[in-house]
Amino acid sequence: MIVKVKKTAISLVTGDITLQKTDAIVNAANSGLMGGSGVDGAIHRAGGPAILEECKKIVAEQGRLPAGKAVITSGGNLAARYVIHTVGPVWRGGNDNEAEILASAYLESLRLAEKRNLTCISFPSISTGAYGYPLKAAAAVAVAAVVKFAEEEAVSIKEIVFVLFGEVAYSEYARALEKISQQRYF
Ligand code: APR
């Protein structure tokens with residue numbers, strides 16, 4: 001599924017984000033940036049030790065990465081040139097600013113890519129695995145944040161891809177994207 005918002009194409013695919021041939025893939029990291037399971041584990045496994053070395057330097061220089069913020073490293077052995085590491089919110093029931101932090105994780109990653117004049121970026125479904133964010137709610141926040149960025153801030157970014165790990169996630173994001181494209185005329 002692809003939706004054009006001004007000059008930016010927003011698309012959904014299913015698959016493994018580590019295989020994306022793109023300028024940057026986004027990692028669903030934790031604040032320590034020391035790797036983990038899920039997307040984090042897959043990216044460090046496929047990307048190799050160089051990514052972890054760069055993450056260690058970043059934490060040594062600026063401390064742990066707060067939820068909603070983003071940093072960038074090389075892509076190591078990945079097909080992607082860069083990895084943008086962001087930390088999504090842990091789901092605590094929905095009254096702990098989770099939606100704002102999740103939106104910020106997408107927006108800060110996009111702004112970092114824009115600063116590097118990147119043209120294409122791929123996102124996983126941030127926070128919907130180990131961090132327990134309900135998929136339907138997360139898809140609505142993620143799609144709204146990305147569409148808002150495409151409408152208001154995108155200059156170099158021409159392609160934003162959500163890489164979903166299976167049909168269930170894909171259909172939730174497709175529903176969210178369909179709903180928002182019916183509500184707004186891009
Ligand atoms: N490609 C694309 N999507 C993936 C992949 C992959 N290779 N592996 C997992 N996913 C999906 C999961 O199915 C889930 O929908 O990414 C989504 C995010 O799941 P997590 O990776 O668990 O990320 P998150 O929920 O944000 O939790 C982050 O988990 O791995 C640790 O160190 C990480 O502490 C951090 C926490």
# chains A, B, ... in the order shown; residues from 1 in each chain; ligands from 1
call {"tool": "residues_near_ligand", "arguments": {"ligand": "ligand 1", "cutoff": "6 Å", "atoms": "only C-alpha atoms and all ligand atoms", "output": "short mmCIF file (atom, residue, chain, number, x, y, z; two decimals) with all heavy atoms, in the first residue's frame"}}
result
data_model
loop_
_atom_site.label_atom_id
_atom_site.label_comp_id
_atom_site.auth_asym_id
_atom_site.auth_seq_id
_atom_site.Cartn_x
_atom_site.Cartn_y
_atom_site.Cartn_z
N ASP A 16 11.49 -8.31 6.86
CA ASP A 16 12.56 -8.14 7.86
C ASP A 16 13.26 -6.80 7.58
O ASP A 16 13.84 -6.64 6.51
CB ASP A 16 13.55 -9.31 7.72
CG ASP A 16 14.74 -9.18 8.65
OD1 ASP A 16 14.90 -8.11 9.28
OD2 ASP A 16 15.50 -10.15 8.76
N ILE A 17 13.19 -5.89 8.50
CA ILE A 17 13.72 -4.53 8.26
C ILE A 17 15.23 -4.55 7.99
O ILE A 17 15.75 -3.66 7.31
CB ILE A 17 13.39 -3.59 9.44
CG1 ILE A 17 13.55 -2.13 9.03
CG2 ILE A 17 14.20 -3.93 10.69
CD1 ILE A 17 12.92 -1.12 9.96
N THR A 18 15.93 -5.58 8.45
CA THR A 18 17.40 -5.58 8.25
C THR A 18 17.75 -5.79 6.77
O THR A 18 18.89 -5.55 6.38
CB THR A 18 18.07 -6.70 9.07
OG1 THR A 18 17.60 -7.98 8.59
CG2 THR A 18 17.79 -6.56 10.55
N ALA A 28 14.28 -0.10 16.96
CA ALA A 28 13.47 0.02 18.18
C ALA A 28 14.37 -0.38 19.34
O ALA A 28 14.37 -1.53 19.78
CB ALA A 28 12.25 -0.89 18.09
N ALA A 29 15.12 0.59 19.82
CA ALA A 29 16.19 0.32 20.79
C ALA A 29 15.71 0.53 22.23
O ALA A 29 14.53 0.81 22.47
CB ALA A 29 17.37 1.24 20.49
N ASN A 30 16.64 0.36 23.16
CA ASN A 30 16.36 0.76 24.55
C ASN A 30 17.36 1.86 24.89
O ASN A 30 18.29 2.12 24.14
CB ASN A 30 16.52 -0.45 25.50
CG ASN A 30 17.91 -1.04 25.43
OD1 ASN A 30 18.91 -0.36 25.67
ND2 ASN A 30 17.99 -2.30 25.06
N GLY A 35 21.82 -3.03 22.53
CA GLY A 35 21.23 -4.16 21.82
C GLY A 35 20.17 -4.84 22.67
O GLY A 35 19.96 -4.49 23.83
N GLY A 36 19.51 -5.81 22.03
CA GLY A 36 18.43 -6.49 22.77
C GLY A 36 17.90 -7.64 21.94
O GLY A 36 18.68 -8.34 21.30
N SER A 37 16.56 -7.78 21.93
CA SER A 37 15.97 -8.86 21.10
C SER A 37 15.25 -8.20 19.93
O SER A 37 15.66 -7.14 19.49
CB SER A 37 14.99 -9.67 21.97
OG SER A 37 14.09 -8.77 22.61
N GLY A 38 14.19 -8.80 19.44
CA GLY A 38 13.36 -8.18 18.40
C GLY A 38 14.16 -7.48 17.30
O GLY A 38 15.18 -7.99 16.83
N VAL A 39 13.68 -6.29 16.95
CA VAL A 39 14.34 -5.50 15.90
C VAL A 39 15.78 -5.20 16.30
O VAL A 39 16.72 -5.33 15.51
CB VAL A 39 13.58 -4.18 15.68
CG1 VAL A 39 14.34 -3.26 14.75
CG2 VAL A 39 12.19 -4.44 15.12
N ASP A 40 15.96 -4.81 17.56
CA ASP A 40 17.28 -4.43 18.09
C ASP A 40 18.27 -5.57 17.90
O ASP A 40 19.37 -5.40 17.38
CB ASP A 40 17.12 -4.10 19.58
CG ASP A 40 18.20 -3.15 20.10
OD1 ASP A 40 19.07 -2.74 19.32
OD2 ASP A 40 18.16 -2.84 21.30
N GLY A 41 17.84 -6.76 18.30
CA GLY A 41 18.71 -7.93 18.16
C GLY A 41 19.03 -8.22 16.70
O GLY A 41 20.18 -8.47 16.33
N ALA A 42 17.99 -8.12 15.87
CA ALA A 42 18.18 -8.44 14.44
C ALA A 42 19.15 -7.46 13.78
O ALA A 42 20.01 -7.85 12.99
CB ALA A 42 16.83 -8.41 13.72
N GLY A 88 11.19 3.79 21.96
CA GLY A 88 9.75 4.02 22.10
C GLY A 88 9.34 3.94 23.56
O GLY A 88 10.14 3.54 24.41
N PRO A 124 10.28 0.15 11.77
CA PRO A 124 9.52 -0.99 12.27
C PRO A 124 8.32 -0.42 13.04
O PRO A 124 8.17 0.79 13.18
CB PRO A 124 10.51 -1.66 13.21
CG PRO A 124 11.25 -0.50 13.82
CD PRO A 124 11.34 0.55 12.73
N SER A 125 7.52 -1.35 13.56
CA SER A 125 6.37 -0.94 14.37
C SER A 125 6.86 -0.73 15.82
O SER A 125 6.77 -1.63 16.66
CB SER A 125 5.31 -2.05 14.30
OG SER A 125 4.27 -1.80 15.20
N ILE A 126 7.35 0.45 16.09
CA ILE A 126 8.02 0.74 17.36
C ILE A 126 7.10 0.49 18.56
O ILE A 126 5.90 0.79 18.51
CB ILE A 126 8.51 2.21 17.36
CG1 ILE A 126 9.53 2.43 16.23
CG2 ILE A 126 9.14 2.60 18.71
CD1 ILE A 126 9.88 3.89 15.98
N SER A 127 7.64 -0.07 19.61
CA SER A 127 7.00 -0.30 20.91
C SER A 127 5.93 -1.38 20.93
O SER A 127 5.38 -1.66 22.01
CB SER A 127 6.38 1.01 21.46
OG SER A 127 7.39 1.82 22.03
N THR A 128 5.63 -2.01 19.81
CA THR A 128 4.52 -2.98 19.80
C THR A 128 4.98 -4.40 20.07
O THR A 128 4.19 -5.34 19.99
CB THR A 128 3.80 -2.95 18.43
OG1 THR A 128 4.73 -3.31 17.40
CG2 THR A 128 3.20 -1.59 18.14
N GLY A 129 6.22 -4.58 20.40
CA GLY A 129 6.72 -5.93 20.76
C GLY A 129 6.96 -5.99 22.25
O GLY A 129 6.02 -5.92 23.06
N ALA A 130 8.21 -6.02 22.64
CA ALA A 130 8.57 -6.14 24.07
C ALA A 130 7.98 -5.01 24.90
O ALA A 130 7.67 -5.19 26.08
CB ALA A 130 10.09 -6.15 24.21
N TYR A 131 7.77 -3.84 24.27
CA TYR A 131 7.29 -2.70 25.06
C TYR A 131 5.77 -2.68 25.20
O TYR A 131 5.20 -1.78 25.83
CB TYR A 131 7.81 -1.40 24.48
CG TYR A 131 9.26 -1.09 24.90
CD1 TYR A 131 9.97 -1.99 25.69
CD2 TYR A 131 9.90 0.07 24.52
CE1 TYR A 131 11.28 -1.74 26.07
CE2 TYR A 131 11.21 0.35 24.90
CZ TYR A 131 11.90 -0.57 25.69
OH TYR A 131 13.20 -0.31 26.08
N GLY A 132 5.10 -3.62 24.55
CA GLY A 132 3.70 -3.89 24.86
C GLY A 132 2.66 -2.89 24.42
O GLY A 132 1.50 -2.94 24.86
N VAL A 163 7.96 -1.23 7.75
CA VAL A 163 8.26 -2.64 7.47
C VAL A 163 7.62 -3.47 8.58
O VAL A 163 8.10 -3.47 9.72
CB VAL A 163 9.77 -2.89 7.41
CG1 VAL A 163 10.06 -4.35 7.03
CG2 VAL A 163 10.44 -1.95 6.40
N LEU A 164 6.51 -4.13 8.27
CA LEU A 164 5.75 -4.85 9.31
C LEU A 164 6.11 -6.33 9.31
O LEU A 164 6.33 -6.92 8.25
CB LEU A 164 4.25 -4.66 9.04
CG LEU A 164 3.64 -3.26 9.32
CD1 LEU A 164 4.29 -2.60 10.51
CD2 LEU A 164 3.63 -2.33 8.15
N PHE A 165 6.16 -6.86 10.52
CA PHE A 165 6.64 -8.24 10.68
C PHE A 165 5.46 -9.20 10.69
O PHE A 165 5.18 -9.85 11.68
CB PHE A 165 7.41 -8.34 12.01
CG PHE A 165 8.58 -9.30 11.98
CD1 PHE A 165 9.46 -9.31 10.92
CD2 PHE A 165 8.80 -10.17 13.05
CE1 PHE A 165 10.55 -10.17 10.93
CE2 PHE A 165 9.89 -11.03 13.06
CZ PHE A 165 10.76 -11.03 12.01
#
call {"tool": "residues_around", "arguments": {"residues": "Ile72 (chain A)", "least_positions_apart": "6", "cutoff": "8 Å", "atoms": "only C-alpha atoms", "output": "CSV table (one decimal) with N, CA and C atoms, in the first residue's frame"}}
result
chain,number,residue,atom,x,y,z
A,82,TYR,N,22.6,3.9,7.0
A,82,TYR,CA,22.6,4.3,8.4
A,82,TYR,C,21.6,3.5,9.2
A,83,VAL,N,21.8,3.5,10.6
A,83,VAL,CA,20.7,3.0,11.5
A,83,VAL,C,20.4,4.2,12.4
A,84,ILE,N,19.1,4.5,12.4
A,84,ILE,CA,18.7,5.6,13.4
A,84,ILE,C,18.1,4.8,14.6
A,85,HIS,N,18.7,5.0,15.7
A,85,HIS,CA,18.2,4.3,16.9
A,85,HIS,C,17.3,5.2,17.7
A,112,LEU,N,16.1,13.7,12.2
A,112,LEU,CA,17.5,13.3,12.1
A,112,LEU,C,17.9,12.9,10.7
call {"tool": "residues_around", "arguments": {"residues": "region 114-116 of chain A", "least_positions_apart": "5", "cutoff": "8 Å", "atoms": "only C-alpha atoms", "output": "MDAnalysis selection string"}}
result
chainID A and resid 154:157
call {"tool": "write_last_selection", "arguments": {"atoms": "N, CA, C and O atoms", "output": "PDB file, in the first residue's frame"}}
result
ATOM      1  N   ALA A 154       8.763  17.586   5.663  1.00  0.00           N
ATOM      2  CA  ALA A 154       9.648  16.827   4.759  1.00  0.00           C
ATOM      3  C   ALA A 154      10.200  17.726   3.649  1.00  0.00           C
ATOM      4  O   ALA A 154       9.453  18.476   3.013  1.00  0.00           O
ATOM      5  N   VAL A 155      11.519  17.662   3.446  1.00  0.00           N
ATOM      6  CA  VAL A 155      12.138  18.352   2.314  1.00  0.00           C
ATOM      7  C   VAL A 155      12.931  17.323   1.514  1.00  0.00           C
ATOM      8  O   VAL A 155      12.570  17.006   0.388  1.00  0.00           O
ATOM      9  N   SER A 156      13.957  16.727   2.142  1.00  0.00           N
ATOM     10  CA  SER A 156      14.768  15.740   1.393  1.00  0.00           C
ATOM     11  C   SER A 156      14.086  14.364   1.392  1.00  0.00           C
ATOM     12  O   SER A 156      14.203  13.598   0.453  1.00  0.00           O
ATOM     13  N   ILE A 157      13.303  14.087   2.440  1.00  0.00           N
ATOM     14  CA  ILE A 157      12.708  12.746   2.571  1.00  0.00           C
ATOM     15  C   ILE A 157      11.577  12.559   1.568  1.00  0.00           C
ATOM     16  O   ILE A 157      10.588  13.296   1.585  1.00  0.00           O
TER      17      ILE A 157
END
call {"tool": "atom_distance", "arguments": {"atom1": "CA of Ser11 (chain A)", "atom2": "CA of Tyr170 (chain A)"}}
result
10.6 Å
call {"tool": "select_by_dssp", "arguments": {"residues": "region 36-153 of chain A", "states": "helix (DSSP H, G or I)", "output": "VMD selection string"}}
result
chain A and resid 38 to 47 49 to 62 98 to 115 135 to 152
call {"tool": "residues_around", "arguments": {"residues": "Arg175 (chain A)", "least_positions_apart": "3", "cutoff": "9 Å", "atoms": "only C-alpha atoms", "output": "list in words"}}
result
Lys136, Ala139, Ala140, Tyr170, Ser171, Glu172, Glu178, Lys179 and Ile180 of chain A
call {"tool": "closest_residue", "arguments": {"among": "A:Thr22, A:Gln182, A:Thr8, A:Thr73", "to": "Leu118 (chain A)", "atoms": "only C-alpha atoms"}}
result
A:Thr22
call {"tool": "select_by_dssp", "arguments": {"residues": "region 43-184 of chain A", "states": "strand (DSSP E or B)", "output": "list in words"}}
result
Ala70, Val71, Ile72, Thr73, Ser74, Tyr82, Val83, Ile84, His85, Thr86, Val87, Cys120, Ile121, Ser122, Phe123, Glu159, Ile160, Val161, Phe162, Val163 and Leu164 of chain A
call {"tool": "atom_distance", "arguments": {"atom1": "CA of Ser181 (chain A)", "atom2": "CA of Glu152 (chain A)"}}
result
15.5 Å
call {"tool": "residues_around", "arguments": {"residues": "region 141-143 of chain A", "least_positions_apart": "3", "cutoff": "7 Å", "atoms": "only C-alpha atoms", "output": "JSON, numbers by chain"}}
result
{"A": [99, 103, 106, 137, 138, 146, 147, 176, 177]}
call {"tool": "residues_around", "arguments": {"residues": "Cys55 (chain A)", "least_positions_apart": "3", "cutoff": "9 Å", "atoms": "only C-alpha atoms", "output": "list of chain:residue names"}}
result
A:Gly32, A:Leu33, A:Met34, A:Ala50, A:Ile51, A:Leu52, A:Ile58, A:Val59, A:Ala60, A:Val71, A:Ile72, A:Thr73, A:His85
call {"tool": "write_last_selection", "arguments": {"atoms": "N, CA, C and O atoms", "output": "mmCIF file, in the first residue's frame"}}
result
data_model
loop_
_atom_site.group_PDB
_atom_site.id
_atom_site.type_symbol
_atom_site.label_atom_id
_atom_site.label_comp_id
_atom_site.auth_asym_id
_atom_site.auth_seq_id
_atom_site.Cartn_x
_atom_site.Cartn_y
_atom_site.Cartn_z
ATOM 1 N N GLY A 32 19.749 2.169 26.811
ATOM 2 C CA GLY A 32 21.170 1.846 27.007
ATOM 3 C C GLY A 32 21.916 1.662 25.695
ATOM 4 O O GLY A 32 23.148 1.675 25.633
ATOM 5 N N LEU A 33 21.159 1.489 24.600
ATOM 6 C CA LEU A 33 21.754 1.291 23.253
ATOM 7 C C LEU A 33 22.736 0.127 23.203
ATOM 8 O O LEU A 33 23.684 0.129 22.421
ATOM 9 N N MET A 34 22.470 -0.877 24.044
ATOM 10 C CA MET A 34 23.431 -1.999 24.069
ATOM 11 C C MET A 34 22.884 -3.208 23.336
ATOM 12 O O MET A 34 23.360 -4.317 23.527
ATOM 13 N N ALA A 50 30.361 -3.094 14.564
ATOM 14 C CA ALA A 50 30.647 -1.659 14.383
ATOM 15 C C ALA A 50 29.505 -0.800 14.939
ATOM 16 O O ALA A 50 29.719 0.249 15.544
ATOM 17 N N ILE A 51 28.275 -1.274 14.762
ATOM 18 C CA ILE A 51 27.119 -0.484 15.218
ATOM 19 C C ILE A 51 27.154 -0.368 16.741
ATOM 20 O O ILE A 51 26.977 0.719 17.302
ATOM 21 N N LEU A 52 27.431 -1.481 17.410
ATOM 22 C CA LEU A 52 27.462 -1.461 18.886
ATOM 23 C C LEU A 52 28.601 -0.559 19.369
ATOM 24 O O LEU A 52 28.425 0.215 20.324
ATOM 25 N N ILE A 58 28.386 6.842 21.732
ATOM 26 C CA ILE A 58 27.299 7.827 21.915
ATOM 27 C C ILE A 58 26.871 7.872 23.378
ATOM 28 O O ILE A 58 26.764 8.940 23.984
ATOM 29 N N VAL A 59 26.704 6.704 23.984
ATOM 30 C CA VAL A 59 26.264 6.677 25.398
ATOM 31 C C VAL A 59 27.356 7.256 26.296
ATOM 32 O O VAL A 59 27.085 8.017 27.228
ATOM 33 N N ALA A 60 28.625 6.968 25.942
ATOM 34 C CA ALA A 60 29.735 7.511 26.756
ATOM 35 C C ALA A 60 29.735 9.043 26.680
ATOM 36 O O ALA A 60 29.976 9.734 27.668
ATOM 37 N N VAL A 71 19.177 8.790 17.796
ATOM 38 C CA VAL A 71 20.581 9.026 17.426
ATOM 39 C C VAL A 71 20.870 8.204 16.165
ATOM 40 O O VAL A 71 20.093 7.307 15.811
ATOM 41 N N ILE A 72 21.992 8.500 15.495
ATOM 42 C CA ILE A 72 22.294 7.827 14.228
ATOM 43 C C ILE A 72 23.683 7.195 14.261
ATOM 44 O O ILE A 72 24.603 7.751 14.837
ATOM 45 N N THR A 73 23.770 5.987 13.693
ATOM 46 C CA THR A 73 25.077 5.345 13.519
ATOM 47 C C THR A 73 25.183 4.879 12.063
ATOM 48 O O THR A 73 24.208 4.958 11.311
ATOM 49 N N HIS A 85 18.665 5.007 15.733
ATOM 50 C CA HIS A 85 18.215 4.298 16.943
ATOM 51 C C HIS A 85 17.263 5.212 17.706
ATOM 52 O O HIS A 85 17.615 6.353 18.017
#
call {"tool": "atom_distance", "arguments": {"atom1": "CA of Ile25 (chain A)", "atom2": "CA of Val13 (chain A)"}}
result
13.5 Å
call {"tool": "closest_residue", "arguments": {"among": "A:Arg92, A:Leu78, A:Pro134, A:Ile160", "to": "Ala113 (chain A)", "atoms": "only C-alpha atoms"}}
result
A:Ile160
call {"tool": "closest_residue", "arguments": {"among": "A:Asn117, A:Ile10, A:Leu65, A:Asn27", "to": "Ala145 (chain A)", "atoms": "only C-alpha atoms"}}
result
A:Ile10
call {"tool": "closest_residue", "arguments": {"among": "A:Arg45, A:Gly15, A:Tyr133, A:Gln183", "to": "Gly94 (chain A)", "atoms": "only C-alpha atoms"}}
result
A:Tyr133
call {"tool": "closest_residue", "arguments": {"among": "A:Ala79, A:Ala70, A:Ala150, A:Ile43", "to": "Asp23 (chain A)", "atoms": "only C-alpha atoms"}}
result
A:Ala79
call {"tool": "closest_residue", "arguments": {"among": "A:Lys57, A:Leu12, A:Val161, A:Pro49", "to": "Cys120 (chain A)", "atoms": "only C-alpha atoms"}}
result
A:Val161
call {"tool": "decode", "arguments": {"residues": "region 23-34 of chain A", "atoms": "all heavy atoms", "output": "PDB file, in the first residue's frame"}}
result
ATOM      1  N   ASP A  23      18.254   4.407   2.713  1.00  0.00           N
ATOM      2  CA  ASP A  23      19.266   5.257   3.351  1.00  0.00           C
ATOM      3  C   ASP A  23      19.404   4.914   4.830  1.00  0.00           C
ATOM      4  O   ASP A  23      20.505   4.795   5.363  1.00  0.00           O
ATOM      5  CB  ASP A  23      18.852   6.737   3.236  1.00  0.00           C
ATOM      6  CG  ASP A  23      19.003   7.250   1.813  1.00  0.00           C
ATOM      7  OD1 ASP A  23      19.758   6.636   1.031  1.00  0.00           O
ATOM      8  OD2 ASP A  23      18.354   8.233   1.475  1.00  0.00           O
ATOM      9  N   ALA A  24      18.250   4.777   5.503  1.00  0.00           N
ATOM     10  CA  ALA A  24      18.323   4.502   6.957  1.00  0.00           C
ATOM     11  C   ALA A  24      17.188   3.582   7.378  1.00  0.00           C
ATOM     12  O   ALA A  24      16.049   3.742   6.931  1.00  0.00           O
ATOM     13  CB  ALA A  24      18.218   5.814   7.731  1.00  0.00           C
ATOM     14  N   ILE A  25      17.521   2.647   8.247  1.00  0.00           N
ATOM     15  CA  ILE A  25      16.457   1.871   8.910  1.00  0.00           C
ATOM     16  C   ILE A  25      16.437   2.323  10.370  1.00  0.00           C
ATOM     17  O   ILE A  25      17.459   2.722  10.926  1.00  0.00           O
ATOM     18  CB  ILE A  25      16.667   0.344   8.812  1.00  0.00           C
ATOM     19  CG1 ILE A  25      17.967  -0.109   9.472  1.00  0.00           C
ATOM     20  CG2 ILE A  25      16.592  -0.125   7.365  1.00  0.00           C
ATOM     21  CD1 ILE A  25      18.086  -1.629   9.576  1.00  0.00           C
ATOM     22  N   VAL A  26      15.264   2.296  10.956  1.00  0.00           N
ATOM     23  CA  VAL A  26      15.125   2.758  12.339  1.00  0.00           C
ATOM     24  C   VAL A  26      15.095   1.546  13.266  1.00  0.00           C
ATOM     25  O   VAL A  26      14.425   0.551  12.991  1.00  0.00           O
ATOM     26  CB  VAL A  26      13.844   3.593  12.506  1.00  0.00           C
ATOM     27  CG1 VAL A  26      13.631   4.001  13.968  1.00  0.00           C
ATOM     28  CG2 VAL A  26      13.932   4.856  11.629  1.00  0.00           C
ATOM     29  N   ASN A  27      15.854   1.638  14.341  1.00  0.00           N
ATOM     30  CA  ASN A  27      15.943   0.555  15.318  1.00  0.00           C
ATOM     31  C   ASN A  27      15.046   0.876  16.506  1.00  0.00           C
ATOM     32  O   ASN A  27      15.064   2.000  17.016  1.00  0.00           O
ATOM     33  CB  ASN A  27      17.395   0.406  15.798  1.00  0.00           C
ATOM     34  CG  ASN A  27      17.547  -0.729  16.806  1.00  0.00           C
ATOM     35  OD1 ASN A  27      16.693  -1.623  16.880  1.00  0.00           O
ATOM     36  ND2 ASN A  27      18.587  -0.672  17.594  1.00  0.00           N
ATOM     37  N   ALA A  28      14.283  -0.103  16.956  1.00  0.00           N
ATOM     38  CA  ALA A  28      13.468   0.022  18.181  1.00  0.00           C
ATOM     39  C   ALA A  28      14.369  -0.380  19.343  1.00  0.00           C
ATOM     40  O   ALA A  28      14.372  -1.530  19.779  1.00  0.00           O
ATOM     41  CB  ALA A  28      12.251  -0.890  18.089  1.00  0.00           C
ATOM     42  N   ALA A  29      15.118   0.594  19.824  1.00  0.00           N
ATOM     43  CA  ALA A  29      16.194   0.316  20.794  1.00  0.00           C
ATOM     44  C   ALA A  29      15.712   0.528  22.225  1.00  0.00           C
ATOM     45  O   ALA A  29      14.528   0.809  22.475  1.00  0.00           O
ATOM     46  CB  ALA A  29      17.373   1.240  20.490  1.00  0.00           C
ATOM     47  N   ASN A  30      16.636   0.361  23.162  1.00  0.00           N
ATOM     48  CA  ASN A  30      16.364   0.755  24.554  1.00  0.00           C
ATOM     49  C   ASN A  30      17.355   1.862  24.891  1.00  0.00           C
ATOM     50  O   ASN A  30      18.295   2.119  24.141  1.00  0.00           O
ATOM     51  CB  ASN A  30      16.515  -0.449  25.501  1.00  0.00           C
ATOM     52  CG  ASN A  30      17.911  -1.043  25.434  1.00  0.00           C
ATOM     53  OD1 ASN A  30      18.906  -0.362  25.673  1.00  0.00           O
ATOM     54  ND2 ASN A  30      17.988  -2.304  25.058  1.00  0.00           N
ATOM     55  N   SER A  31      17.146   2.505  26.019  1.00  0.00           N
ATOM     56  CA  SER A  31      17.934   3.707  26.360  1.00  0.00           C
ATOM     57  C   SER A  31      19.427   3.426  26.505  1.00  0.00           C
ATOM     58  O   SER A  31      20.252   4.305  26.310  1.00  0.00           O
ATOM     59  CB  SER A  31      17.400   4.309  27.659  1.00  0.00           C
ATOM     60  OG  SER A  31      16.109   4.819  27.433  1.00  0.00           O
ATOM     61  N   GLY A  32      19.749   2.169  26.811  1.00  0.00           N
ATOM     62  CA  GLY A  32      21.170   1.846  27.007  1.00  0.00           C
ATOM     63  C   GLY A  32      21.916   1.662  25.695  1.00  0.00           C
ATOM     64  O   GLY A  32      23.148   1.675  25.633  1.00  0.00           O
ATOM     65  N   LEU A  33      21.159   1.489  24.600  1.00  0.00           N
ATOM     66  CA  LEU A  33      21.754   1.291  23.253  1.00  0.00           C
ATOM     67  C   LEU A  33      22.736   0.127  23.203  1.00  0.00           C
ATOM     68  O   LEU A  33      23.684   0.129  22.421  1.00  0.00           O
ATOM     69  CB  LEU A  33      22.440   2.584  22.767  1.00  0.00           C
ATOM     70  CG  LEU A  33      21.530   3.779  22.498  1.00  0.00           C
ATOM     71  CD1 LEU A  33      22.349   4.964  21.998  1.00  0.00           C
ATOM     72  CD2 LEU A  33      20.438   3.437  21.479  1.00  0.00           C
ATOM     73  N   MET A  34      22.470  -0.877  24.044  1.00  0.00           N
ATOM     74  CA  MET A  34      23.431  -1.999  24.069  1.00  0.00           C
ATOM     75  C   MET A  34      22.884  -3.208  23.336  1.00  0.00           C
ATOM     76  O   MET A  34      23.360  -4.317  23.527  1.00  0.00           O
ATOM     77  CB  MET A  34      23.741  -2.372  25.536  1.00  0.00           C
ATOM     78  CG  MET A  34      24.598  -1.335  26.232  1.00  0.00           C
ATOM     79  SD  MET A  34      26.177  -1.082  25.377  1.00  0.00           S
ATOM     80  CE  MET A  34      26.061   0.665  25.012  1.00  0.00           C
TER      81      MET A  34
END
